[in-house]
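Beneath this line is the structure, given in structure tokens, with notes to follow.
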Amino acid sequence: MPKKRSGGGLTATQQAAKFLGVSVLSGAVLAGIALPAFGALGLAAKGSVESFDELPANLKTPPLSQRTTILDAKGETLATVYSRDRTVVDLKDISPYMQKAIVAIEDSRFYEHGAVDLKGVLRALNKNAQSGGVAQGASTLTQQYVKNVFVEEAGDDPTKVAQAIQQTLGRKIRELKYAIQVEEELGKKKILENYLNITFFGQQAYGVEAASQRYFSKHAKDLTLPEAALLAGIVQSPSRYDPVNDEAEATKRRNVVLERMAEVGDVSQAQAEQAKKAPLGLKVTQPKNGCITAVQGASFFCKYVERVFKSDPVFGKTKEERAKVWNQGGLTIRTTLDPQAQKSVQDSLKDHVYKSDKVAAAATLVEPGTGKILAMGQSKPYGYGKNETEYNYSVNSAMGGSNFGFPTGSTFKPFVAAAALEEGRPVTQTYPAPYEMPYPSQVQTCSGKPWVNTGNAKLENEAESEVGPYALKKAMELSVNTYFVQMLADIGMCPVVKMTNALGVVQGNGDKVPEVPSSMTLGSTGLSPLTMASAYAAFASRGMYCTPVAIESITQTVGGEKKSLEVPKSTCSRAMSEKTADSINTLLSGVTDSGTGKQAGLSGRDNAGKTGTTDERRNAWFVGYTPNLSGAVWVGSATQKVKMTRITIGGVYHAQVYGGDTPGPIWRDAMTGALQGKEAPRFNMVDIPNPEKPRDENDKGNGNGNGNGDEGFIGGLINGGTTTGNTTGGITLPDNLFQGQTNGGSNGSGGRGRG
């Protein structure tokens with residue numbers, strides 16, 4: 001005899017019967033449907049009339065999680081990502097065979113009963129009593145749908161999922177109440193549609209459209225009778241009846257469904273028998289989930305897009321809100337990635353650097369004036385195996401890149417030149433630029449407190465033949481280190497800080513570039529290719545810097561309705577005057593015409609750029625641009641442990657790697673392909689007179705240094721002014737101007753920033 005609650009009164013089972021409006025016996029039956037030997041097994045009989053009444057009146061149906069599709073700028077699919085592979089479709093887009101098959105095998109009286117099928121309850125009770133276990137359930141299709149809603153709401157939380165499917169009377173009570181509500185509000189056709197879209201069909205496929213694509217590579221509307229019967233049979237136990245792993249068991253189950261369809265009159269017996277003879281006819285499409293499956297080597301860009309979504313407040317105020325929207329899916333994200341440019345970048349990287357090489361290469365292309373990222377790739381593929389990596393070498397740490405970025409070497413020098421021009425220095429500015437010299441003893445900073453050397457470190461030029469004086473144009477072409485350190489000492493570090501801030505230049509970890517001479521001139525601080533490409537794009541767009549963007553538009557599908565989401569926009573601002581930008585463009589055109597970047601030069605269109613290598617050849621760069629495309633290429637070791645001397649890269653031996661001979665050709669080929677068929681606009685060049693005169697080798701210092709000194713301390717010494725001290729090549733210098741060394745830290749250490 002059923003036990004009563006402590007204190008007397010109806011059992012939980014009898015109370016369940018009360019709310020169903022059936023007899024006490026029916027209530028007991030209800031408990032036995034899915035809970036055989038209820039009292040003996042000690043299963044929880046939670047729930048009462050009171051708890052039933054206290055349940056919320058409406059079932060909160062979460063939007064079904066769906067796949068998200070990431071597109072390139074032309075609308076072609078780059079990748080699909082999802083927490084659950086699902087594509088929601090209308091009932092009219094589901095084969096009639098599929099609709100009949102699922103009803104026949106799961107709830108053949110679906111159109112005859114309400115939320116609860118009492119005949120089914122009695123039939124299940126009798127069957128379970130005979131077997132002594134759960135031989136047959138009695139949940140209607142509506143009840144199954146409600147249970148699936150609970151599972152969907154639980155997401156990927158294992159505890160919540162367990163609660164959603166636990167065998168307790170409390171859950172059955174909740175399930176039944178909401179089933180009654182759903183029957184009243186939705187109607188049979190909508191319930192069937194929702195069920196077919198929410199249920200799990202195995203092989204990572206949620207919903208009938210995803211299942212149809214997975215097993216047969218076709219739309220659900222095109223399913224044949226035997227195909228529909230196979231899918232309908234899977235639902236009861238997706239692992240047991242998995243046709244991919246157990247064809248025989250799946251075939252038997254399919255035939256059970258076909259026989260049931262004949263019994264209920266959905267098909268004739270002859271049709272069923274004919275369908276039973278058909279092979280399974282699988283045409284499996286393997287699951288393609290995540291950025292690792294992206295085409296054209298765009299996996300790293302795909303992950304960048306995902307990180308943008310999960311980090312930008314435009315998609316939600318909190319990290320949790322943004323993650324929820326992303327996991328819900330149903331997004332169609334059109335990106336800025338240009339397929340022509342992306343292919344060109346990947347082809348160039350593949351040609352010049354092998355994935356098995358000791359070093360890697362990364363390249364990023366950005367559109368000047370818009371900030372659009374048009375291409376992003378690297379030589380080591382995305383993945384977790386040998387010669388693969390999940391780190392995106394093109395971006396900062398927060399977006400999946402290396403912790404600190406990579407030292408840029410002499411590619412930093414144009415920022416110094418731009419700052420000096422903005423400060424009023426002439427484009428013909430000349431400095432002594434000896435082959436070797438100590439770092440300045442003091443350099444002004446933004447704080448007003450000068451940076452002071454505390455040691456005796458020196459810097460030198462790449463070649464002993466590089467001995468000044470040099471004017472800016474020649475110094476840029478040859479990448480003369482001492483020239484740019486002298487320029488920094490002249491203008492101070494604050495103008496360079498202001499320039500790099502205006503150009504969005506930050507370290508790979510997001511920090512500002514430190515105010516020390518080696519960082520502010522010779523590029524000893526780590527930056528990312530995306531940062532450099534975006535900064536140089538400001539030169540191309542005549543001084544307008546635009547923050548990089550990767551997303552053009554997003555459409556979200558929820559409940560069959562589509563809506564557009566707001567996306568991050570590029571912010572463009574003036575970083576320098578047009579005159580300064582035009583001057584830099586003219587200067588850097590000389591680098592690709594006849595300077596250190598000659599091997600990178602493009603034919604048939606205006607182009608400019610700068611080479612860079614770092615101490616011990618651990619990094620090599622080329623950053624360059626045309627008026628309509630900017631690109632940065634880095635070559636090196638992510639661990640910074642490989643010295644690129646006596647090394648083979650891409651099958652080519654290098655005694656020493658230079659910015660012009662390794663990253664330069666990668667840039668050249670990537671840009672050439674990306675720009676093929678595109679217009680070739682011209683730079684607005686400025687006239688730069690050559691102020692240099694042949695030096696008299698016998699002249700060891702007869703300059704008198706007279707002048708008005710209105711171009712800063714060093715400028716006054718060079719172009720006029722009065723001082724005393726040593727002279728070099730006719731230029732008078734104070735005794736202590738370039739004595740001392742750096743602060744001894746890694747960012748202030750001496751050494752060479754090479755071209």
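We name chains A, B, ... following the order of the structure tokens; residues begin at 1 in each chain, and ligands are numbered from 1 as shown.
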Proximity check segment 260-313 of chain A to segment 355-374 of chain A, 12 Å, nearest pairs one decimal Å, only C-alpha atoms, as a Markdown table:
```
| residue | atom | partner | partner_atom | distance |
| --- | --- | --- | --- | --- |
| A:Gly297 | CA | A:Ala362 | CA | 11.7 |
| A:Ala298 | CA | A:Leu374 | CA | 10.9 |
| A:Phe300 | CA | A:Ala362 | CA | 10.5 |
| A:Phe301 | CA | A:Ile373 | CA | 9.1 |
| A:Cys302 | CA | A:Ile373 | CA | 11.8 |
| A:Tyr304 | CA | A:Ile373 | CA | 10.7 |
| A:Val305 | CA | A:Ile373 | CA | 10.6 |
```
DSSP alpha helix (DSSP H) selection over segment 482-513 of chain A, as number ranges by chain: A: 482-491, 494-502
Considering only C-alpha atoms, return as a ChimeraX atom specification whatever protein or nucleic-acid residues lie within 12 Å of Ala375 of chain A, sequence-local ones (same chain, fewer than 4 positions apart) excluded. /A:72-73,296-302,304,335-347,362-367,371,394,529-530,533,548-550,629-633,670-671,673-674
How would you write, as a list in words, the set of residues in segment 402-452 of chain A that DSSP gives as strand (DSSP E)? Phe406, Pro407, Thr430, Tyr431, Glu436, Met437, Pro438, Gln442, Val443, Trp451 and Val452 of chain A
Writing out the chosen residues with C-alpha atoms as a PDB file, in the first residue's frame:
```pdb
ATOM      1  CA  PHE A 406      57.715  41.270 -31.519  1.00  0.00           C
ATOM      2  CA  PRO A 407      60.447  43.945 -31.567  1.00  0.00           C
ATOM      3  CA  THR A 430      70.786  66.821 -41.192  1.00  0.00           C
ATOM      4  CA  TYR A 431      72.619  65.210 -38.271  1.00  0.00           C
ATOM      5  CA  GLU A 436      79.220  54.517 -33.589  1.00  0.00           C
ATOM      6  CA  MET A 437      78.332  56.629 -30.591  1.00  0.00           C
ATOM      7  CA  PRO A 438      77.051  56.456 -27.022  1.00  0.00           C
ATOM      8  CA  GLN A 442      69.744  62.876 -21.329  1.00  0.00           C
ATOM      9  CA  VAL A 443      66.548  62.965 -23.386  1.00  0.00           C
ATOM     10  CA  TRP A 451      65.518  60.163 -19.221  1.00  0.00           C
ATOM     11  CA  VAL A 452      69.102  59.800 -17.990  1.00  0.00           C
TER      12      VAL A 452
END
```
Find the spatial neighbours of segment 191-203 of chain A, counting only C-alpha atoms, within a cut-off of 7 Å - ignore same-chain residues fewer than 2 positions away - and output them as a list in words. Val88, Asp90, Leu91, Thr142, Tyr145, Asn148, Leu186, Gly187, Lys188, Lys189, Ala205, Tyr206, Gly207, Val208, Ala211, Ile234, Val235, Pro238, Ser239 and Asp242 of chain A
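Interatomic distance, atom CA of Thr547 of chain A against atom CA of Met499 of chain A: 14.6 Å.
Distances here use only C-alpha atoms; by that measure, the residue among A:Leu503, A:Ala104, A:Leu231, A:Leu522 closest to Asn481 of chain A is A:Leu522.
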Neighbour list for Tyr215 of chain A as a list in words, cut-off 7 Å, only C-alpha atoms, skip fewer than 6 positions in-chain: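 These residues fall inside the cut-off: Leu282, Lys283, Val284 and Thr285 of chain A.
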For the residues in that selection, give me all heavy atoms as a PDB file, in the first residue's frame.
```pdb
ATOM      1  N   LEU A 282      23.839   6.406 -46.848  1.00  0.00           N
ATOM      2  CA  LEU A 282      24.468   7.524 -46.146  1.00  0.00           C
ATOM      3  C   LEU A 282      25.412   8.296 -47.062  1.00  0.00           C
ATOM      4  O   LEU A 282      26.142   7.715 -47.871  1.00  0.00           O
ATOM      5  CB  LEU A 282      25.254   7.013 -44.936  1.00  0.00           C
ATOM      6  CG  LEU A 282      24.467   6.318 -43.821  1.00  0.00           C
ATOM      7  CD1 LEU A 282      25.418   5.880 -42.714  1.00  0.00           C
ATOM      8  CD2 LEU A 282      23.389   7.230 -43.272  1.00  0.00           C
ATOM      9  N   LYS A 283      25.382   9.585 -46.921  1.00  0.00           N
ATOM     10  CA  LYS A 283      26.343  10.477 -47.577  1.00  0.00           C
ATOM     11  C   LYS A 283      26.749  11.494 -46.515  1.00  0.00           C
ATOM     12  O   LYS A 283      26.283  12.624 -46.483  1.00  0.00           O
ATOM     13  CB  LYS A 283      25.714  11.150 -48.794  1.00  0.00           C
ATOM     14  CG  LYS A 283      26.712  11.943 -49.632  1.00  0.00           C
ATOM     15  CD  LYS A 283      26.036  12.555 -50.854  1.00  0.00           C
ATOM     16  CE  LYS A 283      27.056  13.343 -51.669  1.00  0.00           C
ATOM     17  NZ  LYS A 283      26.408  13.986 -52.855  1.00  0.00           N
ATOM     18  N   VAL A 284      27.622  11.028 -45.638  1.00  0.00           N
ATOM     19  CA  VAL A 284      27.921  11.772 -44.413  1.00  0.00           C
ATOM     20  C   VAL A 284      28.769  13.009 -44.690  1.00  0.00           C
ATOM     21  O   VAL A 284      29.766  12.945 -45.412  1.00  0.00           O
ATOM     22  CB  VAL A 284      28.638  10.870 -43.392  1.00  0.00           C
ATOM     23  CG1 VAL A 284      29.013  11.663 -42.139  1.00  0.00           C
ATOM     24  CG2 VAL A 284      27.756   9.679 -43.032  1.00  0.00           C
ATOM     25  N   THR A 285      28.342  14.115 -44.133  1.00  0.00           N
ATOM     26  CA  THR A 285      29.144  15.339 -44.110  1.00  0.00           C
ATOM     27  C   THR A 285      29.720  15.473 -42.709  1.00  0.00           C
ATOM     28  O   THR A 285      28.980  15.562 -41.732  1.00  0.00           O
ATOM     29  CB  THR A 285      28.294  16.575 -44.431  1.00  0.00           C
ATOM     30  OG1 THR A 285      27.755  16.440 -45.757  1.00  0.00           O
ATOM     31  CG2 THR A 285      29.126  17.850 -44.354  1.00  0.00           C
TER      32      THR A 285
END
```
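Distances to Asp222 of chain A were evaluated for A:Thr639, A:Ser402, A:Ser95, A:Asn607 using only C-alpha atoms, and the minimum falls at A:Ser95.
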Which residues, written as a list in words, have at least one atom at most 12 Å from Gln656 of chain A, with only C-alpha atoms counted and residues fewer than 3 positions away on the same chain left out?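 These residues fall inside the cut-off: Thr613, Thr614, Asp615, Glu616, Arg617, Arg618, Asn619, Ala620, Lys643, Met644, Thr645, Arg646, Ile647, Thr648, Ile649, Val652, Tyr653, Gly659, Gly660, Asp661, Thr662 and Arg754 of chain A.
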File dump, residues just selected, N, CA and C atoms, as a tab-separated table (two decimals), in the first residue's frame:
```tsv
chain	number	residue	atom	x	y	z
A	613	THR	N	65.23	44.99	-38.72
A	613	THR	CA	65.71	43.77	-38.06
A	613	THR	C	66.14	44.16	-36.65
A	614	THR	N	66.25	43.16	-35.79
A	614	THR	CA	66.61	43.45	-34.39
A	614	THR	C	67.90	42.74	-34.02
A	615	ASP	N	68.38	43.03	-32.83
A	615	ASP	CA	69.64	42.46	-32.35
A	615	ASP	C	69.69	40.96	-32.57
A	616	GLU	N	70.82	40.49	-33.04
A	616	GLU	CA	71.10	39.07	-33.25
A	616	GLU	C	70.16	38.44	-34.27
A	617	ARG	N	69.54	39.29	-35.06
A	617	ARG	CA	68.66	38.80	-36.14
A	617	ARG	C	67.55	37.89	-35.61
A	618	ARG	N	66.95	38.27	-34.48
A	618	ARG	CA	65.86	37.47	-33.92
A	618	ARG	C	64.52	37.82	-34.56
A	619	ASN	N	64.42	38.99	-35.16
A	619	ASN	CA	63.20	39.42	-35.84
A	619	ASN	C	63.56	40.17	-37.11
A	620	ALA	N	62.75	40.00	-38.12
A	620	ALA	CA	62.91	40.76	-39.36
A	620	ALA	C	61.52	41.22	-39.82
A	643	LYS	N	68.21	32.77	-33.69
A	643	LYS	CA	68.98	33.84	-34.35
A	643	LYS	C	69.04	33.51	-35.84
A	644	MET	N	68.55	34.41	-36.66
A	644	MET	CA	68.42	34.11	-38.08
A	644	MET	C	69.73	34.41	-38.83
A	645	THR	N	70.74	33.66	-38.46
A	645	THR	CA	72.02	33.67	-39.17
A	645	THR	C	72.35	32.24	-39.54
A	646	ARG	N	72.95	32.10	-40.73
A	646	ARG	CA	73.25	30.76	-41.25
A	646	ARG	C	72.03	29.86	-41.11
A	647	ILE	N	70.95	30.29	-41.72
A	647	ILE	CA	69.66	29.60	-41.56
A	647	ILE	C	68.98	29.44	-42.91
A	648	THR	N	68.23	28.38	-43.06
A	648	THR	CA	67.45	28.14	-44.28
A	648	THR	C	65.98	28.40	-43.97
A	649	ILE	N	65.38	29.28	-44.76
A	649	ILE	CA	63.97	29.63	-44.60
A	649	ILE	C	63.28	29.48	-45.95
A	652	VAL	N	65.58	28.56	-48.81
A	652	VAL	CA	66.62	29.51	-49.21
A	652	VAL	C	67.58	29.73	-48.04
A	653	TYR	N	68.86	29.58	-48.32
A	653	TYR	CA	69.86	29.77	-47.28
A	653	TYR	C	70.18	31.25	-47.10
A	659	GLY	N	65.60	42.64	-43.30
A	659	GLY	CA	64.20	42.98	-43.53
A	659	GLY	C	63.85	43.02	-45.00
A	660	GLY	N	64.84	43.37	-45.82
A	660	GLY	CA	64.58	43.48	-47.25
A	660	GLY	C	64.58	42.17	-47.99
A	661	ASP	N	65.31	41.15	-47.48
A	661	ASP	CA	65.46	39.93	-48.30
A	661	ASP	C	64.56	38.77	-47.89
A	662	THR	N	63.88	38.87	-46.75
A	662	THR	CA	62.99	37.76	-46.34
A	662	THR	C	61.55	38.25	-46.16
A	754	ARG	N	68.38	47.45	-36.76
A	754	ARG	CA	68.92	47.38	-38.11
A	754	ARG	C	67.84	47.55	-39.17
```
Env of Ser541 of chain A: 12 Å cut, atoms = only C-alpha atoms, seq-sep filter 6 positions within chain, self excluded. Answer as number ranges by chain. A: 366-371, 534-535, 572-582, 584-585, 625-630, 681-684
Any chance you could export the current selection's N, CA, C and O atoms as a CSV table (one decimal), in the first residue's frame?
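Below is the file selection-v2.csv, written as the result:
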```csv
chain,number,residue,atom,x,y,z
A,366,VAL,N,45.8,45.9,-44.4
A,366,VAL,CA,44.7,46.8,-43.9
A,366,VAL,C,44.4,47.8,-45.0
A,366,VAL,O,45.3,48.3,-45.7
A,367,GLU,N,43.2,48.3,-45.1
A,367,GLU,CA,42.8,49.3,-46.1
A,367,GLU,C,42.9,50.7,-45.5
A,367,GLU,O,42.3,51.0,-44.5
A,368,PRO,N,43.8,51.5,-46.0
A,368,PRO,CA,43.9,52.9,-45.5
A,368,PRO,C,42.6,53.7,-45.7
A,368,PRO,O,41.9,53.5,-46.6
A,369,GLY,N,42.3,54.5,-44.7
A,369,GLY,CA,41.1,55.3,-44.7
A,369,GLY,C,39.9,54.7,-44.2
A,369,GLY,O,38.9,55.3,-44.0
A,370,THR,N,39.9,53.3,-44.0
A,370,THR,CA,38.7,52.6,-43.4
A,370,THR,C,39.1,51.8,-42.2
A,370,THR,O,38.2,51.5,-41.4
A,371,GLY,N,40.3,51.3,-42.1
A,371,GLY,CA,40.7,50.4,-41.1
A,371,GLY,C,40.3,49.0,-41.3
A,371,GLY,O,40.6,48.1,-40.4
A,534,SER,N,48.3,49.0,-39.5
A,534,SER,CA,47.3,50.1,-39.2
A,534,SER,C,47.9,51.5,-39.1
A,534,SER,O,47.4,52.5,-39.6
A,535,ALA,N,49.1,51.5,-38.4
A,535,ALA,CA,49.8,52.7,-38.2
A,535,ALA,C,50.3,53.3,-39.6
A,535,ALA,O,50.2,54.5,-39.9
A,572,CYS,N,38.2,57.2,-37.1
A,572,CYS,CA,39.3,57.8,-37.9
A,572,CYS,C,39.5,59.2,-37.3
A,572,CYS,O,38.6,59.9,-37.0
A,573,SER,N,40.8,59.5,-37.2
A,573,SER,CA,41.2,60.8,-36.7
A,573,SER,C,42.5,61.2,-37.3
A,573,SER,O,43.3,60.4,-37.7
A,574,ARG,N,42.7,62.5,-37.3
A,574,ARG,CA,44.0,63.0,-37.9
A,574,ARG,C,45.1,62.8,-37.0
A,574,ARG,O,45.1,63.3,-35.9
A,575,ALA,N,46.1,62.1,-37.4
A,575,ALA,CA,47.3,61.8,-36.6
A,575,ALA,C,48.5,62.8,-37.0
A,575,ALA,O,49.4,63.0,-36.1
A,576,MET,N,48.4,63.3,-38.2
A,576,MET,CA,49.5,64.3,-38.6
A,576,MET,C,48.9,65.1,-39.8
A,576,MET,O,47.9,64.7,-40.4
A,577,SER,N,49.6,66.1,-40.1
A,577,SER,CA,49.2,66.9,-41.3
A,577,SER,C,49.4,66.2,-42.6
A,577,SER,O,50.2,65.2,-42.7
A,578,GLU,N,48.6,66.6,-43.6
A,578,GLU,CA,48.8,66.0,-44.9
A,578,GLU,C,50.3,66.2,-45.4
A,578,GLU,O,50.8,65.3,-46.0
A,579,LYS,N,50.8,67.4,-45.1
A,579,LYS,CA,52.2,67.7,-45.5
A,579,LYS,C,53.2,66.7,-44.9
A,579,LYS,O,54.1,66.2,-45.6
A,580,THR,N,53.0,66.4,-43.6
A,580,THR,CA,53.9,65.5,-43.0
A,580,THR,C,53.7,64.1,-43.6
A,580,THR,O,54.7,63.4,-43.9
A,581,ALA,N,52.5,63.6,-43.8
A,581,ALA,CA,52.3,62.3,-44.4
A,581,ALA,C,52.9,62.2,-45.8
A,581,ALA,O,53.5,61.2,-46.1
A,582,ASP,N,52.6,63.3,-46.6
A,582,ASP,CA,53.2,63.3,-47.9
A,582,ASP,C,54.7,63.2,-47.9
A,582,ASP,O,55.4,62.6,-48.7
A,584,ILE,N,56.6,61.8,-45.5
A,584,ILE,CA,56.9,60.4,-45.1
A,584,ILE,C,56.8,59.5,-46.3
A,584,ILE,O,57.6,58.6,-46.5
A,585,ASN,N,55.7,59.7,-47.1
A,585,ASN,CA,55.5,58.8,-48.2
A,585,ASN,C,56.7,59.0,-49.2
A,585,ASN,O,57.1,58.0,-49.8
A,625,TYR,N,53.3,50.1,-48.0
A,625,TYR,CA,51.9,50.4,-48.4
A,625,TYR,C,51.9,51.1,-49.7
A,625,TYR,O,53.0,51.5,-50.3
A,626,THR,N,50.8,51.1,-50.3
A,626,THR,CA,50.5,51.9,-51.5
A,626,THR,C,49.4,52.8,-51.0
A,626,THR,O,48.9,52.7,-49.9
A,627,PRO,N,48.9,53.8,-51.9
A,627,PRO,CA,47.8,54.6,-51.4
A,627,PRO,C,46.6,53.9,-51.0
A,627,PRO,O,45.8,54.5,-50.2
A,628,ASN,N,46.4,52.7,-51.5
A,628,ASN,CA,45.1,52.0,-51.2
A,628,ASN,C,45.3,50.7,-50.4
A,628,ASN,O,44.3,49.9,-50.3
A,629,LEU,N,46.5,50.3,-49.9
A,629,LEU,CA,46.7,49.1,-49.2
A,629,LEU,C,47.9,49.2,-48.3
A,629,LEU,O,49.0,49.6,-48.8
A,630,SER,N,47.8,48.8,-47.1
A,630,SER,CA,49.0,48.8,-46.2
A,630,SER,C,49.2,47.4,-45.6
A,630,SER,O,48.2,46.6,-45.4
A,681,PRO,N,46.4,54.3,-57.6
A,681,PRO,CA,46.5,55.7,-57.3
A,681,PRO,C,48.0,56.2,-57.0
A,681,PRO,O,48.8,55.3,-56.7
A,682,ARG,N,48.2,57.5,-57.1
A,682,ARG,CA,49.5,58.0,-56.9
A,682,ARG,C,49.6,58.7,-55.5
A,682,ARG,O,48.7,59.2,-55.0
A,683,PHE,N,50.9,58.7,-55.0
A,683,PHE,CA,51.1,59.5,-53.8
A,683,PHE,C,51.2,61.0,-54.1
A,683,PHE,O,51.5,61.3,-55.3
A,684,ASN,N,51.0,61.8,-53.2
A,684,ASN,CA,51.2,63.2,-53.3
A,684,ASN,C,52.6,63.5,-52.9
A,684,ASN,O,52.9,63.8,-51.7
```
Interatomic distance (Å, one decimal) between atom CA of Lys74 of chain A and atom CA of Lys569 of chain A: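 Here the two named atoms are 18.9 Å from each other.
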Nearest-residue call for Gly290 of chain A, choices A:Lys277, A:His654, A:Arg67, A:Lys598, using only C-alpha atoms: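 Answer, going by the shortest atom-to-atom distance: A:Arg67.
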Go through A:Phe404, A:Tyr391, A:Phe110, A:Phe150 and flag the residue nearest Gly510 of chain A, using only C-alpha atoms for the distances.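 Comparing A:Phe404, A:Tyr391, A:Phe110, A:Phe150 against Gly510 of chain A, the winner is A:Phe404.
Residue nearest Tyr354 of chain A within the list A:Thr611, A:Gly650, A:Asn289, A:Val657: A:Gly650 [criterion: smallest interatomic distance, only C-alpha atoms].
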